[in-house]
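J.: Structure below; questions to follow.
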Amino acid sequence: MSVLPTVLAALPTAVGDGAVAPVTADFSQDVFWVWLLKAVGIIVFLLTSVLIAIWFERRVVGRMQLRPGPNVHGPFGLLQSLADAMKLLVKEDVTVKAADKLVYILAPMIAVLCSLLVYAVIPFGPEVNMFGVITPLQLTDFSVAVLYILACAAVGVYGIVLGGWSSNSTYPLLGGVRSTAQVISYELAMGLSLVSVFIMAGSMSTSQIVDSQTQVWWFLPLLPAFVIYVISMVGETNRLPFDLPEAEGELVGGYTTEYSSMKFAWFFLAEYINMLNVSAVATTLFFGGWRAPWPISAINDGMFNTGWWPFLWFVAKVWLFMFVFVWIRGSVLRFRYDQFMKIGWKVLIPAALVWVVCVTLVQAARQLWDVDLRTLLFTLAGVVLVGLVISFLVPEKKPPAEEEPTGPQEFDPFAGGYPVPPLPGQVLPPSPRAQRRLAAAEAAGPSGPETPLEVRGG
């Protein structure tokens with residue numbers, strides 16, 4: 001509770017009036033070889049992080065579920081990821097004969113390329129001295145950098161959709177269609193959750209948003225938006241419990257069913273890079289970006305927010321969100337598809353819209369009527385609390401009780417669109433083959449006793 005007064009005291013200075021510079025980072029001294037070095041560094045960072053993430057996920061899930069998993073290849077199992085990569089490199093590359101060859105090959109390339117583009121606008125740190133050149137620890141930035149990130153995430157789904165369609169197979173096609181619906185649903189919630197950050201920071205530039213979190217990180221005053229974003233980022237990356245496009249229970253392997261060798265590895269790589277992408281966006285927009293946490297940031301006038309130290313804080317925060325991904329995977333079961341879509345359309349999107357309206361009203365009241373921010377926040381908190389209490393007091397409408405059947409009831413296993421086994425007290429109708437054989441036996445007349453096989457329709 002002692003943190004709340006500090007946050008409320010810092011908010012008036014943290015929230016600006018919208019009149020801010022579009023971009024904080026200064027790239028005026030950058031030359032060609034600095035851009036090339038940064039680009040290569042980002043690719044190496046992502047590829048190395050994917051190998052570490054695979055090992056990290058196996059180790060954490062193994063600890064959580066008491067099954068150690070592959071941990072004998074090298075010290076602490078560190079060589080297992082390398083062995084998996086080598087296996088995919090030398091594995092036979094099978095191409096489906098009925099597939100659309102060009103699109104079949106391009107689909108995983110599209111997925112990987114779009115995933116590699118996001119980190120171009122992510123700030124790893126402030127200005128540093130890179131071989132005599134003073135440059136921001138960021139490849140580039142512009143006034144609508146967050147919209148660029150959302151666009152890359154939206155275009156990346158074309159790799160999944162085209163991969164499922166070009167395979168010319170039923171289960172990959174269903175996985176691709178599911179992915180389309182999933183991205184449409186959760187991209188909306190994700191975008192709306194970021195709007196409140198834009199309103200508070202006064203910019204869509206990633207460097208400017210990090211600069212606006214000098215006093216307070218946005219996940220504290222914008223906690224509902226942060227929660228919505230965390231749920232949406234899990235759905236956006238097709239991870240458990242939202243991995244419906246590749247659910248092995250009903251779709252074998254989803255859109256990757258007909259892929260093998262390196263083409264499958266590209267999809268696998270894109271999934272893990274997308275996890276790093278959304279973790280970096282959460283870090284940049286809600287967790288202060290590269291800034292050190294509060295006790296450390298106050299040491300020696302912010303010494304740990306200068307030089308190469310911020311790169312360490314950025315990586316630590318990204319891996320904190322990666323741990324959340326693994327934690328969710330090891331503890332939550334997969335949702336049904338109808339539950340998944342209901343959460344997106346009936347819960348996340350309306351909640352995000354209501355929160356954007358609340359933040360907009362707060363900012364409008366501050367700027368138009370000069371209302372104290374603390375009074376507004378306490379008023380909104382009181383309204384939300386009263387709404388929660390009322391929601392708990394309103395009784396839930398119960399469906400009318402149905403009379404229980406007294407005898408065995410005939411049961412249609414295909415009533416829901418797919419076959420299900422009967423419950424106790426339910427009887428399956430006779431099969432059409434059995435009915436035809438009984439009718440043929442009656443038409444032929446008494447020709448001897450019927451065998452059990454004939455009666456059963458076997």
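Going through the structure tokens in order, the chains are called A, B, and so on, while each chain numbers its residues from 1 and the ligands are numbered from 1 in the order shown.
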What are the nearest atom pairs, with distances in Å to one decimal, for all residues of segment 216-260 of chain A that come at most 9 Å from segment 92-106 of chain A, using only C-alpha atoms, set out by chain and rising residue number as CSV?
T.:
residue,atom,partner,partner_atom,distance
A:Glu258,CA,A:Val96,CA,6.8
A:Tyr259,CA,A:Val94,CA,7.4
A:Ser260,CA,A:Asp93,CA,5.9
J.: Give the alpha helix (DSSP H) residues of segment 38-139 of chain A, as assigned by DSSP on the backbone, as a PyMOL selection string.
T.: chain A and resi 38-64+80-90+101-117
J.: Considering only C-alpha atoms, can you say which of A:Trp33, A:Phe27, A:Trp319, A:Trp345 comes closest to Asn277 of chain A?
T.: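 Closest to Asn277 of chain A, using only C-alpha atoms: A:Trp319.
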J.: Under the rule that only C-alpha atoms are counted, which of A:Ala247, A:Pro295, A:Phe286, A:Val121 is the nearest residue to Arg336 of chain A?
T.: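 When distances to Arg336 of chain A are compared using only C-alpha atoms, the smallest one comes from A:Ala247.
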J.: So that I can see what lies close to segment 201-204 of chain A, please list as a list of chain:residue names the residues with an atom at most 6 Å from it, counting only C-alpha atoms and leaving out residues fewer than 2 positions away in the same chain.
T.: A:Gly18, A:Ser143, A:Val144, A:Val146, A:Val197, A:Phe198, A:Ile199, A:Ile209, A:Ser212
J.: For those residues, write C-alpha atoms to a file as a CSV table (one decimal), in the first residue's frame.
T.:
chain,number,residue,atom,x,y,z
A,18,GLY,CA,0.2,16.0,-25.5
A,143,SER,CA,6.2,8.9,-34.9
A,144,VAL,CA,3.9,5.9,-35.5
A,146,VAL,CA,3.7,1.2,-32.6
A,197,VAL,CA,-0.7,4.3,-23.4
A,198,PHE,CA,-0.8,6.6,-26.5
A,199,ILE,CA,-3.2,9.0,-24.6
A,209,ILE,CA,6.9,6.3,-24.7
A,212,SER,CA,7.4,9.3,-20.7
J.: Given the choices A:Leu348, A:Ala280, A:Val216, A:Tyr255, which gets closest to Ser297 of chain A if the distance is worked out from only C-alpha atoms?
T.: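 Comparing A:Leu348, A:Ala280, A:Val216, A:Tyr255 against Ser297 of chain A, the winner is A:Val216.
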J.: Please provide the set of residues having any atom within 8 Å of Ile228 of chain A, restricted to only C-alpha atoms, with same-chain residues fewer than 5 positions apart removed, written as a PDB file with all heavy atoms, in the first residue's frame.
T.:
ATOM      1  N   ALA A 189      -8.331  -6.351 -29.521  1.00  0.00           N
ATOM      2  CA  ALA A 189      -8.164  -6.128 -28.089  1.00  0.00           C
ATOM      3  C   ALA A 189      -6.770  -5.593 -27.776  1.00  0.00           C
ATOM      4  O   ALA A 189      -6.610  -4.697 -26.930  1.00  0.00           O
ATOM      5  CB  ALA A 189      -8.428  -7.426 -27.329  1.00  0.00           C
ATOM      6  N   MET A 190      -5.756  -6.125 -28.455  1.00  0.00           N
ATOM      7  CA  MET A 190      -4.388  -5.659 -28.227  1.00  0.00           C
ATOM      8  C   MET A 190      -4.232  -4.192 -28.625  1.00  0.00           C
ATOM      9  O   MET A 190      -3.655  -3.384 -27.880  1.00  0.00           O
ATOM     10  CB  MET A 190      -3.399  -6.527 -28.999  1.00  0.00           C
ATOM     11  CG  MET A 190      -1.954  -6.101 -28.856  1.00  0.00           C
ATOM     12  SD  MET A 190      -0.819  -7.110 -29.817  1.00  0.00           S
ATOM     13  CE  MET A 190      -0.844  -8.627 -28.880  1.00  0.00           C
ATOM     14  N   SER A 193      -5.938  -1.922 -26.141  1.00  0.00           N
ATOM     15  CA  SER A 193      -5.223  -1.822 -24.864  1.00  0.00           C
ATOM     16  C   SER A 193      -4.045  -0.861 -24.946  1.00  0.00           C
ATOM     17  O   SER A 193      -3.629  -0.297 -23.931  1.00  0.00           O
ATOM     18  CB  SER A 193      -4.732  -3.208 -24.432  1.00  0.00           C
ATOM     19  OG  SER A 193      -3.723  -3.686 -25.308  1.00  0.00           O
ATOM     20  N   LEU A 348     -12.714  -9.136 -23.664  1.00  0.00           N
ATOM     21  CA  LEU A 348     -11.538  -8.272 -23.823  1.00  0.00           C
ATOM     22  C   LEU A 348     -11.855  -6.994 -24.597  1.00  0.00           C
ATOM     23  O   LEU A 348     -11.480  -5.894 -24.176  1.00  0.00           O
ATOM     24  CB  LEU A 348     -10.425  -9.053 -24.525  1.00  0.00           C
ATOM     25  CG  LEU A 348      -9.830 -10.230 -23.758  1.00  0.00           C
ATOM     26  CD1 LEU A 348      -8.694 -10.865 -24.551  1.00  0.00           C
ATOM     27  CD2 LEU A 348      -9.330  -9.794 -22.390  1.00  0.00           C
ATOM     28  N   ALA A 352     -11.687  -3.301 -23.054  1.00  0.00           N
ATOM     29  CA  ALA A 352     -10.704  -2.352 -23.581  1.00  0.00           C
ATOM     30  C   ALA A 352     -11.369  -1.053 -24.030  1.00  0.00           C
ATOM     31  O   ALA A 352     -10.826   0.043 -23.812  1.00  0.00           O
ATOM     32  CB  ALA A 352      -9.933  -2.992 -24.742  1.00  0.00           C
TER      33      ALA A 352
END
J.: Could you list, as a list in words, every residue within 10 Å of Ile149 of chain A, counting only C-alpha atoms and ignoring same-chain residues fewer than 2 positions away?
T.: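 With the cut-off at 10 Å, the set is Cys114, Ser115, Leu117, Val118, Tyr119, Ala120, Val121, Ile122, Val144, Ala145, Val146, Leu147, Ala151, Cys152, Ala153, Ala154, Asn277, Val278 and Val281 of chain A.
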J.: Which residue out of A:Val133, A:Leu276, A:Leu361, A:Ile110 has the minimum interatomic distance to Ser196 of chain A when only C-alpha atoms are used?
T.: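 So, comparing all the options, the nearest one is A:Leu361.
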J.: Between A:Met322, A:Phe219, A:Ala225, A:Gly288, which one has atoms that come closest to Val357 of chain A, using only C-alpha atoms?
T.: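 Counting only C-alpha atoms, the residue closest to Val357 of chain A is A:Ala225.
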J.: Between atom CA of Val50 of chain A and atom CA of Met275 of chain A, what distance in Å does the model show, to one decimal?
T.: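 Between atom CA of Val50 of chain A and atom CA of Met275 of chain A the gap works out to 9.3 Å.
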J.: For each of A:Glu271, A:Glu236, A:Asp26, A:Asp338, take the minimum atom-to-atom distance to Asp141 of chain A, counting only C-alpha atoms, then give the residue where this is smallest.
T.: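 Comparing A:Glu271, A:Glu236, A:Asp26, A:Asp338 against Asp141 of chain A, the winner is A:Asp26.
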